[in-house]
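**Q** First the structure, which I've put down as structure tokens, then a few questions once you've had a look.
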Amino acid sequence: MFVIEDYAVAVFLCVLAMLCWGSWQNTYKLAGPIWRFELYYWDFAFGILRLSVVAALTLGSWGESGRSFITDIKQAAPGSMVSAMLGGAIWNLGTLLLTAAIAIAGMSVAFPIGGGIGWVLGIVVNYIAVPIGNPLLLFAGSACIVVAILLSMSSYKKLASETKKPRVAGIVLSFAAGLLIAFFYRFVAAAVTTDFVNPEPGKLTTYSAVVFFCIGAFASTFLFNPIFMRKPVQGPPVSFADYLKGRPTVHLVGILGGIIWSLGMTFSFMASGSAGFAISYGLSNSAPVVAALWGIFVWKEFARAPKDTNRLLALMFVFYLVGLALIVWSRYA
């Protein structure tokens with residue numbers, strides 16, 4: 001399998017993961033205002049599974065280091081496979097809630113809150129499990145992210161007061177999404193070998209772990225998404241018949257969104273061997289910065305907000321970027 005051993009390359013892959021995780025939501029926007037997120041999500045779930053299998057059969061099977069994908073799954077312990085799939089199910093519910101929050105509050109609000117909470121708690125959880133990096137710098141960076149989250153919430157309150165959007169529902173869904181997303185990575189990381197060159201027996205390589213993660217996410221969609229379809233957070237209920245009415249291009253856009261997200265997941269775990277799980281998670285999950293930029297400058301979600309909102313948004317980005325820099329630095333200190 002293809003193994004990353006250089007920290008600089010690992011950081012670069014984390015940046016790519018950040019771009020993927022902060023950009024997939026644009027495909028939901030591109031699907032159009034009448035295409036509900038519950039319908040979009042079926043294609044998204046299929047897309048994440050598809051890319052993970054392709055990555056495992058290519059990058060996960062090339063080279064002489066580690067174990068190839070097929071060899072790896074043959075020797076994997078049931079506990080490792082279940083742990084990765086459980087992580088996928090937890091992430092899936094969190095992402096469904098986050099997508100619902102995007103539908104209500106927009107990308108530039110849902111992601112800084114939901115993604116930010118998941119980011120900070122995830123760093124803490126993964127550092128406790130595998131303490132790599134300077135804890136002072138790592139948690140100082142996390143504190144900066146907390147400030148950015150509070151600034152994002154203040155910005156949204158100002159926007160909601162002007163546009164009459166349902167601010168409580170958007171913030172509550174974002175918080176719930178963040179709490180779930182914070183823990184998914186640890187379940188997957190627990191299934192992954194700590195030595196990528198000479199993998200431990202019974203554990204999974206990164207590529208195999210991502211496949212089982214995506215299997216868990218895809219399978220749990222059939223449990224969670226019908227509930228959202230029958231009891232939607234916004235608008236009337238929808239059915240699978242509505243999904244079948246979608247144009248081929250709309251379905252392809254959803255699949256593309258899943259592929260983009262799954263590519264980010266693959267990059268993040270490829271980097272974890274050199275960077276450590278806490279730093280890899282922290283850098284990859286700085287996606288809220290990217291998502292907020294898309295929401296503000298491309299989708300114009302704050303176009304009708306009061307003028308002083310711009311100062312809050314600017315401060316939000318400053319604190320996010322400072323937090324990101326401290327997290328990168330923590331590996332060197």
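Ligands are numbered from 1 in the order shown, chains are lettered A, B, ... in the order of the structure tokens, and residues start at 1 in each chain.
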Could you name the residues that touch Ala31 of chain A at 8 Å or less, counting only C-alpha atoms, but leaving out those on the same chain fewer than 6 positions away, as a list in words?
**A**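 Those residues are Tyr40, Val250, Val253 and Gly254 of chain A.
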**Q** Just to confirm, what's the straight-line distance from atom CA of Pro112 of chain A to atom CA of Leu159 of chain A in Å (one decimal)?
**A** 14.8 Å
**Q** If you run DSSP on the backbone, which residues of segment 33-231 of chain A are alpha helix (DSSP H), as a PyMOL selection string?
**A** chain A and resi 37-57+69-75+78-105+107-110+116-129+135-163+167-191+206-230
**Q** Now that the selection is made, can you save its residues with C-alpha atoms as a compact mmCIF listing (two decimals), in the first residue's frame?
**A**
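So again_15.txt came out as:
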```txt
# COMPACT_ATOMS: atom_id res chain seq x y z
CA PHE A 37 -31.27 17.38 1.21
CA GLU A 38 -32.99 14.10 2.17
CA LEU A 39 -33.09 13.14 -1.51
CA TYR A 40 -29.60 14.42 -2.20
CA TYR A 41 -28.22 12.30 0.61
CA TRP A 42 -28.95 8.95 -1.07
CA ASP A 43 -26.57 9.81 -3.90
CA PHE A 44 -24.05 11.34 -1.51
CA ALA A 45 -23.88 8.12 0.55
CA PHE A 46 -23.33 6.05 -2.58
CA GLY A 47 -20.55 8.40 -3.69
CA ILE A 48 -18.54 8.05 -0.48
CA LEU A 49 -18.66 4.25 -0.66
CA ARG A 50 -17.68 4.18 -4.33
CA LEU A 51 -14.55 6.32 -3.92
CA SER A 52 -13.36 4.41 -0.85
CA VAL A 53 -13.41 1.10 -2.74
CA VAL A 54 -11.57 2.61 -5.72
CA ALA A 55 -8.90 4.07 -3.40
CA ALA A 56 -8.45 0.74 -1.59
CA LEU A 57 -8.05 -1.19 -4.84
CA PHE A 69 -6.48 -4.30 0.52
CA ILE A 70 -7.65 -7.87 -0.14
CA THR A 71 -4.98 -9.38 2.12
CA ASP A 72 -5.83 -6.87 4.82
CA ILE A 73 -9.55 -7.59 4.99
CA LYS A 74 -8.91 -11.36 5.05
CA GLN A 75 -6.89 -11.07 8.26
CA PRO A 78 -14.21 -8.58 13.56
CA GLY A 79 -13.78 -5.95 16.28
CA SER A 80 -11.70 -3.75 13.98
CA MET A 81 -14.26 -3.94 11.19
CA VAL A 82 -17.17 -3.23 13.55
CA SER A 83 -15.35 -0.26 15.12
CA ALA A 84 -14.76 1.33 11.69
CA MET A 85 -18.38 0.74 10.63
CA LEU A 86 -19.68 2.16 13.92
CA GLY A 87 -17.62 5.27 13.25
CA GLY A 88 -19.30 5.50 9.86
CA ALA A 89 -22.78 5.26 11.37
CA ILE A 90 -22.03 7.94 13.99
CA TRP A 91 -20.55 10.24 11.36
CA ASN A 92 -23.52 9.61 9.07
CA LEU A 93 -26.10 10.76 11.60
CA GLY A 94 -23.99 13.81 12.41
CA THR A 95 -23.63 14.69 8.73
CA LEU A 96 -27.36 14.28 8.11
CA LEU A 97 -28.00 16.75 10.94
CA LEU A 98 -25.34 19.07 9.52
CA THR A 99 -26.87 18.92 6.04
CA ALA A 100 -30.25 19.73 7.59
CA ALA A 101 -28.65 22.70 9.35
CA ILE A 102 -27.16 23.88 6.04
CA ALA A 103 -30.65 23.74 4.50
CA ILE A 104 -31.96 26.00 7.28
CA ALA A 105 -29.06 28.28 8.20
CA MET A 107 -23.07 26.89 4.89
CA SER A 108 -21.39 29.90 6.45
CA VAL A 109 -23.25 29.29 9.74
CA ALA A 110 -23.83 25.53 9.99
CA GLY A 116 -16.10 23.73 14.72
CA ILE A 117 -17.52 21.86 17.69
CA GLY A 118 -16.69 18.55 16.05
CA TRP A 119 -13.23 19.90 15.33
CA VAL A 120 -12.37 20.94 18.90
CA LEU A 121 -13.84 17.92 20.68
CA GLY A 122 -12.35 15.58 18.09
CA ILE A 123 -8.87 16.98 18.68
CA VAL A 124 -9.24 16.42 22.43
CA VAL A 125 -10.59 12.88 22.05
CA ASN A 126 -7.92 11.83 19.55
CA TYR A 127 -5.09 13.42 21.53
CA ILE A 128 -6.09 11.61 24.72
CA ALA A 129 -6.03 8.32 22.80
CA PRO A 135 -0.52 19.83 24.09
CA LEU A 136 -0.17 23.53 24.98
CA LEU A 137 -0.08 24.62 21.33
CA LEU A 138 -2.68 22.04 20.29
CA PHE A 139 -5.22 23.14 22.86
CA ALA A 140 -4.40 26.84 22.44
CA GLY A 141 -5.33 26.38 18.80
CA SER A 142 -8.54 24.66 19.90
CA ALA A 143 -9.35 27.61 22.18
CA CYS A 144 -9.02 29.96 19.20
CA ILE A 145 -11.51 27.79 17.32
CA VAL A 146 -13.99 28.06 20.20
CA VAL A 147 -13.79 31.85 19.94
CA ALA A 148 -14.38 31.59 16.19
CA ILE A 149 -17.48 29.47 16.81
CA LEU A 150 -18.90 32.08 19.20
CA LEU A 151 -18.24 34.81 16.62
CA SER A 152 -20.01 32.75 13.97
CA MET A 153 -23.03 32.36 16.23
CA SER A 154 -23.13 36.11 16.82
CA SER A 155 -22.96 36.72 13.06
CA TYR A 156 -25.86 34.36 12.47
CA LYS A 157 -28.01 36.05 15.11
CA LYS A 158 -27.54 39.36 13.31
CA LEU A 159 -28.41 37.76 9.98
CA ALA A 160 -31.47 36.03 11.43
CA SER A 161 -32.76 39.29 12.87
CA GLU A 162 -32.74 40.79 9.36
CA THR A 163 -34.00 37.84 7.32
CA ARG A 167 -32.12 30.79 14.12
CA VAL A 168 -32.87 28.36 16.97
CA ALA A 169 -33.35 25.34 14.70
CA GLY A 170 -30.21 26.08 12.69
CA ILE A 171 -28.00 26.45 15.75
CA VAL A 172 -29.46 23.44 17.61
CA LEU A 173 -28.99 21.14 14.60
CA SER A 174 -25.44 22.42 14.12
CA PHE A 175 -24.56 21.75 17.77
CA ALA A 176 -26.01 18.23 17.65
CA ALA A 177 -24.12 17.51 14.43
CA GLY A 178 -20.85 18.72 15.95
CA LEU A 179 -21.19 16.50 19.03
CA LEU A 180 -21.62 13.40 16.86
CA ILE A 181 -18.94 14.28 14.33
CA ALA A 182 -16.41 14.81 17.15
CA PHE A 183 -16.35 11.10 18.01
CA PHE A 184 -16.52 9.27 14.68
CA TYR A 185 -12.79 9.61 13.88
CA ARG A 186 -11.73 7.91 17.12
CA PHE A 187 -13.77 4.79 16.34
CA VAL A 188 -12.14 4.50 12.94
CA ALA A 189 -8.68 5.30 14.32
CA ALA A 190 -9.11 2.56 16.94
CA ALA A 191 -9.44 0.04 14.12
CA THR A 206 -5.97 3.09 6.56
CA TYR A 207 -7.51 2.28 3.17
CA SER A 208 -9.39 -0.76 4.46
CA ALA A 209 -10.59 1.17 7.52
CA VAL A 210 -12.03 3.89 5.28
CA VAL A 211 -13.89 1.25 3.25
CA PHE A 212 -15.50 -0.24 6.36
CA PHE A 213 -16.25 3.26 7.61
CA CYS A 214 -18.05 4.01 4.35
CA ILE A 215 -19.93 0.69 4.51
CA GLY A 216 -21.21 1.71 7.94
CA ALA A 217 -22.19 5.15 6.67
CA PHE A 218 -23.93 3.78 3.57
CA ALA A 219 -25.82 1.05 5.45
CA SER A 220 -26.97 3.42 8.22
CA THR A 221 -28.40 5.80 5.60
CA PHE A 222 -31.20 3.27 5.12
CA LEU A 223 -31.95 3.58 8.85
CA PHE A 224 -31.56 7.34 9.40
CA ASN A 225 -32.58 9.00 6.15
CA PRO A 226 -36.15 7.57 5.96
CA ILE A 227 -36.77 9.19 9.36
CA PHE A 228 -35.67 12.58 8.01
CA MET A 229 -37.85 12.02 4.94
CA ARG A 230 -40.95 11.32 7.02
```
**Q** Between atom CA of Leu13 of chain A and atom CA of Phe267 of chain A, what is the distance in Å, rounded to a tenth?
**A** 5.4 Å
**Q** Record the distance separating atom CA of Ile260 of chain A and atom CA of Trp24 of chain A, expressed in Å with one decimal.
**A** 5.8 Å
**Q** Which residues come within 8 Å of Asn134 of chain A, counting only C-alpha atoms, excluding same-chain residues fewer than 4 positions away, as a PyMOL selection string?
**A** chain A and resi 138+330-333
**Q** Just checking: using only C-alpha atoms, which residue out of A:Thr249, A:Ser268, A:Ser280, A:Ser274 ends up closest to Tyr7 of chain A?
**A**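 Closest candidate: A:Ser274.
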**Q** Looking at only C-alpha atoms, which of A:Ala275, A:Leu59, A:Ala325, A:Ala305 is the one that sits closest to Thr205 of chain A?
**A**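 Of A:Ala275, A:Leu59, A:Ala325, A:Ala305, the one nearest Thr205 of chain A, counting only C-alpha atoms, is A:Leu59.
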**Q** What's the 7 Å shell around Gly66 of chain A, counting only C-alpha atoms, without same-chain residues fewer than 4 positions away, as number ranges by chain?
**A** A: 1, 196-199
**Q** Include N, CA and C atoms and write out the residues we just selected as a compact mmCIF listing (two decimals), in the first residue's frame.
**A**
```txt
# COMPACT_ATOMS: atom_id res chain seq x y z
N MET A 1 0.84 -1.19 0.00
CA MET A 1 0.00 0.00 0.00
C MET A 1 0.88 1.25 0.00
N PHE A 196 2.18 1.60 9.90
CA PHE A 196 1.66 1.45 8.55
C PHE A 196 2.58 0.58 7.68
N VAL A 197 3.89 0.58 7.97
CA VAL A 197 4.84 -0.20 7.17
C VAL A 197 4.74 -1.69 7.52
N ASN A 198 4.64 -1.99 8.81
CA ASN A 198 4.49 -3.37 9.29
C ASN A 198 3.21 -3.46 10.12
N PRO A 199 2.06 -3.57 9.48
CA PRO A 199 0.77 -3.50 10.18
C PRO A 199 0.59 -4.60 11.23
```
**Q** Check the smallest atom-to-atom distance from each of A:Thr58, A:Leu204, A:Ala287, A:Phe12 to Gly114 of chain A using only C-alpha atoms, then report the winner.
**A**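 The closest residue to Gly114 of chain A is A:Ala287.
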